[in-house]
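**Q** This is the structure, below, for whatever I ask next.
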Amino acid sequence: MNHIVVIGAGQAGSSLVVRLRNKGFEGDITLIGAEPVPPYQRPPLSKTYLTGEMALERLFLRPESFYGENGITLKLGAPASSIDLDARSVSVGDEVVSYDQLVLTTGSDPRHLPASIGGELEGVHVVRTLADVDGMAPDFVKGARALIVGGGYIGLEAASVATKLGVNVTLVEMAERILQRVAAPETSNYFRRLHRAHGVDIREGVGLDRLLGEGRVRGARLTDGTELKLDFVIVGVGITPTQQLAESAGLLLNNGIEVDARGCTSDPRVWAAGDCASFPYKGGRIRLESVQNAIDQAEVIADNLMGANKDYVPQPWFWSDQYDVKLQIAGLNTGYDHVVTRKGDGGAVSFWYYQGNALLAVDAMNDARNYMVGKRLIEAGKSPPPDVISDPETDMKALLKL
Ligand SMILES: Cc1cc2nc3c(=O)[nH]c(=O)nc-3n(C[C@H](O)[C@H](O)[C@H](O)COP(=O)(O)OP(=O)(O)OC[C@H]3O[C@@H](n4cnc5c(N)ncnc54)[C@H](O)[C@@H]3O)c2cc1C
């Protein structure tokens, strides 16, 4: 008998079990999920699902019936509570499920504000699960006053949706600039201008001192002493890998569950993929928080479970939608030392990250064409000189043939 058990019924877990069946795996598969719903895509939660433009059924990655029809046992609504590596079993409620191979795709947990500064007041929301978003949606009413804590992609997308729905938004970012952790000043400047043009009150270099209110949040005091009156708060201050199960089982951790290039943990029968896993990259280790990473890494593990013995080589890409702007990112900008701007037609613009003469990444705003060129160049390991990119006369597509 060959039984593969997967803990975490999200993007990576779902991609893995689908791949196993598509590749002809004939053993048993069990997918265990803490949430009471089948695997769904998270990106629309802070975009079209929150605006009400996307229906619930379209969030699901596959209809629930798909799993049964493909011989995949779904156990939803209760977390796996422990793993016994010696006995090769997992506990879920009162049940003990034995495995031959185990995959951890437990994702990540949003950071919450501490209760000591009002983090547990009603009306303070994080954006991670369907239940989080269903819980906050009634607060998004015209004329309401919202504070968004954190100027990363989640905070900015929430600001965009709230503004579209007529909410008055103040966004505070403790760092010097929004998107500081993930993007160059050029990209931060672009999105600051965009949000301000839509009426968002962006305050950078200012943190939250504490939330005010009894029972429900009614206001906030900022670190510069300003007080705001509020109806609700969205907290977008990052995530941490969900690794408690792995930790108590004794698996090695290293900014997430440590895996080798094949996706295998420190136990040869346990694998990990997605937001929860850190893997070798360019001589160090990295943990990525994106749909592409979750899918590709999970699929490599599925292939390895069937004997492929191959390494995961990430080809990172990411996107964000804010107002009428689609941001597309290819590559990883870690270690960049300068940025080159390329202007496209009708307000399209792209920022190209270089380390010396090596092209690392591209941020493209409403510029699908240059995004595609950048992505293909990066995947092929090609680096056109920076002045060629900024030259408006350059035929970008021709660069692919060099
Ligand atoms: C609001 C939002 C917007 C996003 N937008 C984008 C975007 O535009 N582009 C992009 O590339 N990425 C985006 N992301 C990130 C992307 O969704 C994640 O990187 C991706 O979902 C990671 O997949 P995963 O399978 O690792 O984790 P998840 O999809 O989070 O799945 C993990 C699952 O494991 C479950 N679980 C955890 N512990 C247990 C346990 N003990 N037992 C059972 N189940 C457990 C969790 O409940 C969860 O359902 C966004 C994320 C959010 C929250």
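Each chain in the structure tokens gets a letter, A, B, ..., in the order shown, and its residues are numbered from 1; ligands are numbered from 1 in order too.
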Can you check which parts of chain A lie within 7 Å of ligand 1? Per residue, the shortest pair of atoms and distance in Å to one decimal, counting only C-alpha atoms and all ligand atoms, sorted by chain and number, as CSV.
**A**
```
residue,atom,partner,partner_atom_place_in_ligand_line,distance
A:Ile7,CA,ligand 1,43 (C),5.0
A:Gly8,CA,ligand 1,34 (O),3.2
A:Ala9,CA,ligand 1,33 (C),4.9
A:Gly10,CA,ligand 1,31 (O),3.3
A:Gln11,CA,ligand 1,25 (O),3.8
A:Ala12,CA,ligand 1,25 (O),3.6
A:Gly13,CA,ligand 1,25 (O),5.6
A:Ile32,CA,ligand 1,43 (C),5.2
A:Gly33,CA,ligand 1,44 (N),3.7
A:Ala34,CA,ligand 1,44 (N),3.8
A:Glu35,CA,ligand 1,47 (O),5.0
A:Pro39,CA,ligand 1,49 (O),6.8
A:Gln41,CA,ligand 1,17 (O),6.3
A:Arg42,CA,ligand 1,17 (O),4.3
A:Pro43,CA,ligand 1,5 (N),3.4
A:Pro44,CA,ligand 1,3 (C),6.4
A:Leu45,CA,ligand 1,1 (C),4.8
A:Ser46,CA,ligand 1,1 (C),4.4
A:Ala78,CA,ligand 1,43 (C),6.4
A:Pro79,CA,ligand 1,42 (N),3.3
A:Ala80,CA,ligand 1,42 (N),3.9
A:Ser81,CA,ligand 1,41 (N),5.7
A:Thr105,CA,ligand 1,25 (O),5.3
A:Thr106,CA,ligand 1,34 (O),3.6
A:Gly107,CA,ligand 1,27 (O),3.3
A:Ser108,CA,ligand 1,30 (O),5.8
A:Val127,CA,ligand 1,1 (C),5.2
A:Arg128,CA,ligand 1,53 (C),3.9
A:Thr129,CA,ligand 1,53 (C),6.5
A:Ile154,CA,ligand 1,1 (C),5.9
A:Thr242,CA,ligand 1,38 (N),6.2
A:Leu245,CA,ligand 1,41 (N),6.3
A:Ala273,CA,ligand 1,26 (O),6.3
A:Gly274,CA,ligand 1,26 (O),3.4
A:Asp275,CA,ligand 1,26 (O),3.9
A:Cys276,CA,ligand 1,26 (O),5.9
A:Glu289,CA,ligand 1,19 (O),3.9
A:Ser290,CA,ligand 1,19 (O),3.4
A:Val291,CA,ligand 1,11 (O),3.9
A:Gln292,CA,ligand 1,11 (O),5.8
A:Ala294,CA,ligand 1,23 (O),4.9
A:Phe318,CA,ligand 1,11 (O),4.5
A:Trp319,CA,ligand 1,8 (O),4.9
A:Ser320,CA,ligand 1,8 (O),4.7
```
**Q** Please identify the strand (DSSP E or B) residues within range 138-291 of chain A (assignment by DSSP from backbone atoms) and present them as a compact mmCIF listing (two decimals) with N, CA, C and O atoms, in the first residue's frame.
**A**
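states30.txt was written with the following content:
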```txt
# COMPACT_ATOMS: atom_id res chain seq x y z
N ARG A 145 -14.95 55.02 8.08
CA ARG A 145 -13.55 55.46 8.19
C ARG A 145 -12.68 54.26 8.58
O ARG A 145 -12.93 53.62 9.59
N ALA A 146 -11.68 53.99 7.73
CA ALA A 146 -10.84 52.80 7.97
C ALA A 146 -9.39 53.21 8.15
O ALA A 146 -8.91 54.14 7.49
N LEU A 147 -8.71 52.48 9.02
CA LEU A 147 -7.25 52.60 9.12
C LEU A 147 -6.66 51.31 8.59
O LEU A 147 -7.07 50.21 9.00
N ILE A 148 -5.71 51.43 7.70
CA ILE A 148 -4.98 50.25 7.24
C ILE A 148 -3.57 50.34 7.82
O ILE A 148 -2.88 51.36 7.65
N VAL A 149 -3.19 49.30 8.53
CA VAL A 149 -1.87 49.28 9.16
C VAL A 149 -0.96 48.42 8.29
O VAL A 149 -1.16 47.21 8.18
N ASN A 168 -13.47 55.95 3.57
CA ASN A 168 -12.37 56.93 3.72
C ASN A 168 -11.19 56.23 4.38
O ASN A 168 -11.32 55.76 5.52
N VAL A 169 -10.07 56.17 3.67
CA VAL A 169 -8.96 55.32 4.14
C VAL A 169 -7.73 56.15 4.55
O VAL A 169 -7.28 57.02 3.80
N THR A 170 -7.22 55.85 5.74
CA THR A 170 -5.88 56.30 6.14
C THR A 170 -5.00 55.06 6.20
O THR A 170 -5.44 54.03 6.73
N LEU A 171 -3.81 55.14 5.60
CA LEU A 171 -2.89 53.99 5.64
C LEU A 171 -1.60 54.44 6.30
O LEU A 171 -1.02 55.46 5.89
N VAL A 172 -1.19 53.72 7.34
CA VAL A 172 0.08 54.06 7.98
C VAL A 172 1.11 52.98 7.70
O VAL A 172 0.82 51.79 7.71
N GLU A 173 2.32 53.44 7.40
CA GLU A 173 3.44 52.53 7.16
C GLU A 173 4.60 53.00 8.04
O GLU A 173 5.06 54.13 7.90
N ASP A 201 -5.22 58.60 2.35
CA ASP A 201 -4.31 59.41 3.16
C ASP A 201 -3.16 58.50 3.60
O ASP A 201 -3.28 57.75 4.57
N ILE A 202 -2.07 58.53 2.82
CA ILE A 202 -0.93 57.64 3.12
C ILE A 202 0.06 58.37 4.02
O ILE A 202 0.48 59.48 3.72
N ARG A 203 0.39 57.76 5.15
CA ARG A 203 1.38 58.37 6.07
C ARG A 203 2.52 57.39 6.27
O ARG A 203 2.32 56.29 6.80
N GLU A 204 3.70 57.77 5.83
CA GLU A 204 4.87 56.89 5.93
C GLU A 204 5.78 57.36 7.07
O GLU A 204 5.74 58.53 7.47
N LEU A 208 1.53 52.72 14.36
CA LEU A 208 0.35 52.74 15.23
C LEU A 208 0.84 52.69 16.67
O LEU A 208 1.62 51.80 17.01
N ASP A 209 0.39 53.63 17.49
CA ASP A 209 0.74 53.56 18.91
C ASP A 209 -0.24 52.60 19.59
O ASP A 209 0.15 51.61 20.19
N ARG A 210 -1.56 52.92 19.49
CA ARG A 210 -2.56 51.96 19.98
C ARG A 210 -3.92 52.25 19.40
O ARG A 210 -4.19 53.35 18.92
N LEU A 211 -4.75 51.23 19.42
CA LEU A 211 -6.14 51.39 18.98
C LEU A 211 -6.95 51.81 20.20
O LEU A 211 -6.66 51.44 21.33
N LEU A 212 -8.03 52.57 19.94
CA LEU A 212 -8.85 53.10 21.03
C LEU A 212 -10.27 52.55 20.89
O LEU A 212 -10.75 52.32 19.78
N ARG A 216 -15.47 47.58 20.80
CA ARG A 216 -15.22 47.77 19.38
C ARG A 216 -14.25 48.93 19.16
O ARG A 216 -14.23 49.89 19.93
N GLY A 219 -11.16 54.29 17.36
CA GLY A 219 -10.14 55.26 16.96
C GLY A 219 -8.75 54.68 17.08
O GLY A 219 -8.57 53.50 17.42
N ALA A 220 -7.77 55.53 16.79
CA ALA A 220 -6.37 55.08 16.89
C ALA A 220 -5.50 56.27 17.25
O ALA A 220 -5.80 57.41 16.88
N ARG A 221 -4.43 55.99 18.02
CA ARG A 221 -3.41 57.01 18.23
C ARG A 221 -2.16 56.55 17.50
O ARG A 221 -1.74 55.40 17.64
N LEU A 222 -1.60 57.46 16.69
CA LEU A 222 -0.42 57.11 15.91
C LEU A 222 0.84 57.50 16.68
O LEU A 222 0.77 58.26 17.65
N GLU A 227 -4.50 61.58 16.62
CA GLU A 227 -5.60 60.64 16.92
C GLU A 227 -6.58 60.64 15.76
O GLU A 227 -6.89 61.69 15.19
N LEU A 228 -7.06 59.46 15.40
CA LEU A 228 -8.01 59.32 14.30
C LEU A 228 -9.29 58.70 14.83
O LEU A 228 -9.25 57.84 15.71
N LYS A 229 -10.44 59.12 14.25
CA LYS A 229 -11.71 58.43 14.56
C LYS A 229 -11.91 57.36 13.50
O LYS A 229 -11.72 57.62 12.32
N PHE A 232 -13.32 50.91 11.38
CA PHE A 232 -12.68 49.59 11.37
C PHE A 232 -11.22 49.70 10.97
O PHE A 232 -10.77 50.76 10.50
N VAL A 233 -10.49 48.59 11.17
CA VAL A 233 -9.04 48.56 10.94
C VAL A 233 -8.68 47.28 10.18
O VAL A 233 -9.22 46.21 10.47
N ILE A 234 -7.81 47.43 9.20
CA ILE A 234 -7.25 46.25 8.50
C ILE A 234 -5.77 46.19 8.84
O ILE A 234 -5.05 47.17 8.67
N VAL A 235 -5.34 45.02 9.30
CA VAL A 235 -3.94 44.85 9.67
C VAL A 235 -3.24 44.03 8.58
O VAL A 235 -3.60 42.88 8.33
N ILE A 239 3.32 38.03 7.41
CA ILE A 239 2.90 36.68 7.79
C ILE A 239 4.09 35.92 8.36
O ILE A 239 5.23 36.30 8.14
N THR A 240 3.78 34.85 9.08
CA THR A 240 4.85 33.95 9.53
C THR A 240 4.50 32.54 9.05
O THR A 240 3.32 32.18 8.99
N PRO A 241 5.51 31.75 8.69
CA PRO A 241 5.22 30.40 8.19
C PRO A 241 4.54 29.55 9.26
O PRO A 241 4.89 29.64 10.44
N LEU A 253 13.89 23.45 11.21
CA LEU A 253 13.28 24.69 10.75
C LEU A 253 14.38 25.67 10.40
O LEU A 253 15.48 25.60 10.95
N ILE A 257 9.81 25.64 7.32
CA ILE A 257 10.23 24.24 7.38
C ILE A 257 11.36 24.05 6.37
O ILE A 257 11.20 24.39 5.19
N GLU A 258 12.49 23.56 6.87
CA GLU A 258 13.66 23.46 5.97
C GLU A 258 13.50 22.27 5.04
O GLU A 258 13.29 21.14 5.48
N CYS A 264 12.32 17.89 0.15
CA CYS A 264 12.27 16.94 1.26
C CYS A 264 12.77 17.58 2.55
O CYS A 264 13.77 18.31 2.54
N VAL A 270 9.03 12.94 4.77
CA VAL A 270 8.20 14.14 4.95
C VAL A 270 8.70 15.25 4.04
O VAL A 270 9.91 15.52 3.98
N TRP A 271 7.78 15.90 3.35
CA TRP A 271 8.10 16.93 2.37
C TRP A 271 7.34 18.20 2.74
O TRP A 271 6.39 18.15 3.52
N ALA A 272 7.75 19.34 2.18
CA ALA A 272 6.99 20.57 2.46
C ALA A 272 7.08 21.52 1.28
O ALA A 272 8.11 21.58 0.59
N ALA A 277 7.56 26.66 3.53
CA ALA A 277 8.83 25.94 3.31
C ALA A 277 9.95 26.87 2.87
O ALA A 277 9.75 27.75 2.04
N SER A 278 11.15 26.68 3.42
CA SER A 278 12.32 27.44 2.92
C SER A 278 13.24 26.45 2.21
O SER A 278 13.46 25.34 2.67
N PHE A 279 13.76 26.89 1.07
CA PHE A 279 14.53 25.97 0.22
C PHE A 279 15.84 26.63 -0.23
O PHE A 279 15.97 27.86 -0.16
N PRO A 280 16.81 25.84 -0.70
CA PRO A 280 18.10 26.40 -1.11
C PRO A 280 17.93 27.29 -2.34
O PRO A 280 17.19 26.94 -3.27
N TYR A 281 18.63 28.45 -2.32
CA TYR A 281 18.54 29.37 -3.46
C TYR A 281 19.80 30.21 -3.51
O TYR A 281 20.12 30.88 -2.52
N GLY A 284 22.14 30.40 -0.61
CA GLY A 284 21.51 30.62 0.71
C GLY A 284 20.19 29.87 0.78
O GLY A 284 20.07 28.79 0.19
N ARG A 285 19.23 30.43 1.51
CA ARG A 285 17.90 29.82 1.57
C ARG A 285 16.88 30.92 1.36
O ARG A 285 17.12 32.08 1.68
N ILE A 286 15.71 30.53 0.87
CA ILE A 286 14.67 31.52 0.64
C ILE A 286 13.31 30.87 0.91
O ILE A 286 13.16 29.65 0.80
```
**Q** Between A:Val18, A:Ala330, A:Leu179, A:Val388, single out the one closest to Asn357 in chain A, counting only C-alpha atoms.
**A**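 Distance minimum relative to Asn357 in chain A lands on A:Val388.
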**Q** State, in Å with one decimal place, the distance from CA of Arg342 in chain A to CA of Pro392 in chain A.
**A** 7.3 Å
**Q** What are the DSSP alpha helix (DSSP H) residues of range 82-307 of chain A, as a PyMOL selection string?
**A** chain A and resi 130-136+153-164+185-197+244-249+291-305
**Q** Selected residues, C-alpha atoms, written as a compact mmCIF listing (two decimals), in the first residue's frame, please.
**A**
```txt
# COMPACT_ATOMS: atom_id res chain seq x y z
CA LEU A 130 -12.34 33.38 3.35
CA ALA A 131 -13.79 33.65 6.87
CA ASP A 132 -11.64 36.75 7.54
CA VAL A 133 -12.96 38.47 4.42
CA ASP A 134 -16.59 37.43 4.93
CA GLY A 135 -16.22 38.80 8.48
CA MET A 136 -14.92 42.21 7.38
CA TYR A 153 0.64 44.52 -1.15
CA ILE A 154 -2.19 43.27 1.09
CA GLY A 155 -2.64 46.69 2.76
CA LEU A 156 -2.52 48.54 -0.54
CA GLU A 157 -4.99 46.18 -2.22
CA ALA A 158 -7.36 46.54 0.74
CA ALA A 159 -7.00 50.33 0.47
CA SER A 160 -7.88 50.17 -3.22
CA VAL A 161 -11.01 48.06 -2.61
CA ALA A 162 -12.14 50.15 0.36
CA THR A 163 -11.72 53.39 -1.60
CA LYS A 164 -13.67 51.97 -4.55
CA PRO A 185 11.63 53.53 -4.42
CA GLU A 186 10.42 53.92 -8.04
CA THR A 187 7.63 51.38 -7.47
CA SER A 188 6.79 52.85 -4.05
CA ASN A 189 6.53 56.33 -5.60
CA TYR A 190 4.27 55.05 -8.36
CA PHE A 191 1.82 53.45 -5.92
CA ARG A 192 1.95 56.34 -3.44
CA ARG A 193 0.90 58.71 -6.22
CA LEU A 194 -1.80 56.32 -7.41
CA HIS A 195 -3.35 55.92 -3.97
CA ARG A 196 -3.18 59.61 -3.14
CA ALA A 197 -4.88 60.39 -6.47
CA GLN A 244 4.23 24.51 14.71
CA LEU A 245 3.32 20.95 13.67
CA ALA A 246 6.71 20.45 12.03
CA GLU A 247 8.46 21.98 15.02
CA SER A 248 6.78 19.72 17.58
CA ALA A 249 7.48 16.70 15.40
CA VAL A 291 0.81 31.34 -5.86
CA GLN A 292 3.40 30.47 -8.51
CA ASN A 293 5.82 29.18 -5.86
CA ALA A 294 3.11 27.12 -4.15
CA ILE A 295 2.05 25.46 -7.40
CA ASP A 296 5.47 24.83 -8.93
CA GLN A 297 7.11 23.58 -5.74
CA ALA A 298 4.15 21.28 -4.98
CA GLU A 299 4.27 19.84 -8.49
CA VAL A 300 7.99 19.08 -8.24
CA ILE A 301 7.32 17.25 -4.96
CA ALA A 302 4.48 15.28 -6.56
CA ASP A 303 6.87 14.22 -9.33
CA ASN A 304 9.53 13.32 -6.76
CA LEU A 305 7.04 11.22 -4.80
```
**Q** Just want the 9 Å neighbourhood of Leu165 in chain A, counted on only C-alpha atoms, with same-chain residues fewer than 4 positions away dropped. Output as a ChimeraX atom specification.
**A** /A:51,140-143,160-161
**Q** Write the residues you've just listed into a file as a CSV table (one decimal), in the first residue's frame, and include C-alpha atoms for each of them.
**A**
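Once written, part10.csv looks like this:
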```
chain,number,residue,atom,x,y,z
A,51,THR,CA,-15.4,44.2,-3.9
A,140,PHE,CA,-16.9,48.2,3.9
A,141,VAL,CA,-19.8,50.7,3.6
A,142,LYS,CA,-19.8,54.1,2.0
A,143,GLY,CA,-18.6,56.8,4.3
A,160,SER,CA,-7.9,50.2,-3.2
A,161,VAL,CA,-11.0,48.1,-2.6
```
**Q** Distance CA of Val182 in chain A-CA of Ser350 in chain A, one decimal place?
**A**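 So the answer is 15.4 Å.
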**Q** Would you mind telling me which residue in A:Val103, A:Ser82, A:His3, A:Leu50 lies nearest to Pro268 in chain A when using only C-alpha atoms?
**A**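 Closest to Pro268 in chain A of all the choices is A:Val103.
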**Q** I want to know what sits within 7 Å of Phe351 in chain A, based on only C-alpha atoms, with residues of the same chain fewer than 3 positions away left out; could you give that as a PDB file with C-alpha atoms, in the first residue's frame?
**A**
```pdb
ATOM      1  CA  VAL A 339      16.976  50.381 -11.235  1.00  0.00           C
ATOM      2  CA  VAL A 340      16.296  51.401 -14.830  1.00  0.00           C
ATOM      3  CA  THR A 341      13.001  52.894 -15.973  1.00  0.00           C
ATOM      4  CA  ARG A 342      11.327  52.106 -19.267  1.00  0.00           C
ATOM      5  CA  VAL A 362      11.121  43.626 -13.463  1.00  0.00           C
ATOM      6  CA  ASP A 363       8.108  45.470 -12.007  1.00  0.00           C
ATOM      7  CA  ALA A 364       5.697  46.331 -14.834  1.00  0.00           C
TER       8      ALA A 364
END
```
**Q** At what distance in Å, to one decimal, does CA of Pro138 in chain A lie from CA of Thr48 in chain A?
**A**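 Answer for the CA of Thr48 in chain A to CA of Pro138 in chain A separation: 15.3 Å.
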**Q** When distances are computed from only C-alpha atoms, which of A:Leu59, A:Val237, A:Gly71, A:Leu16 shows the smallest separation from Lys47 in chain A?
**A**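 Among A:Leu59, A:Val237, A:Gly71, A:Leu16, it is A:Leu59 that comes nearest to Lys47 in chain A.
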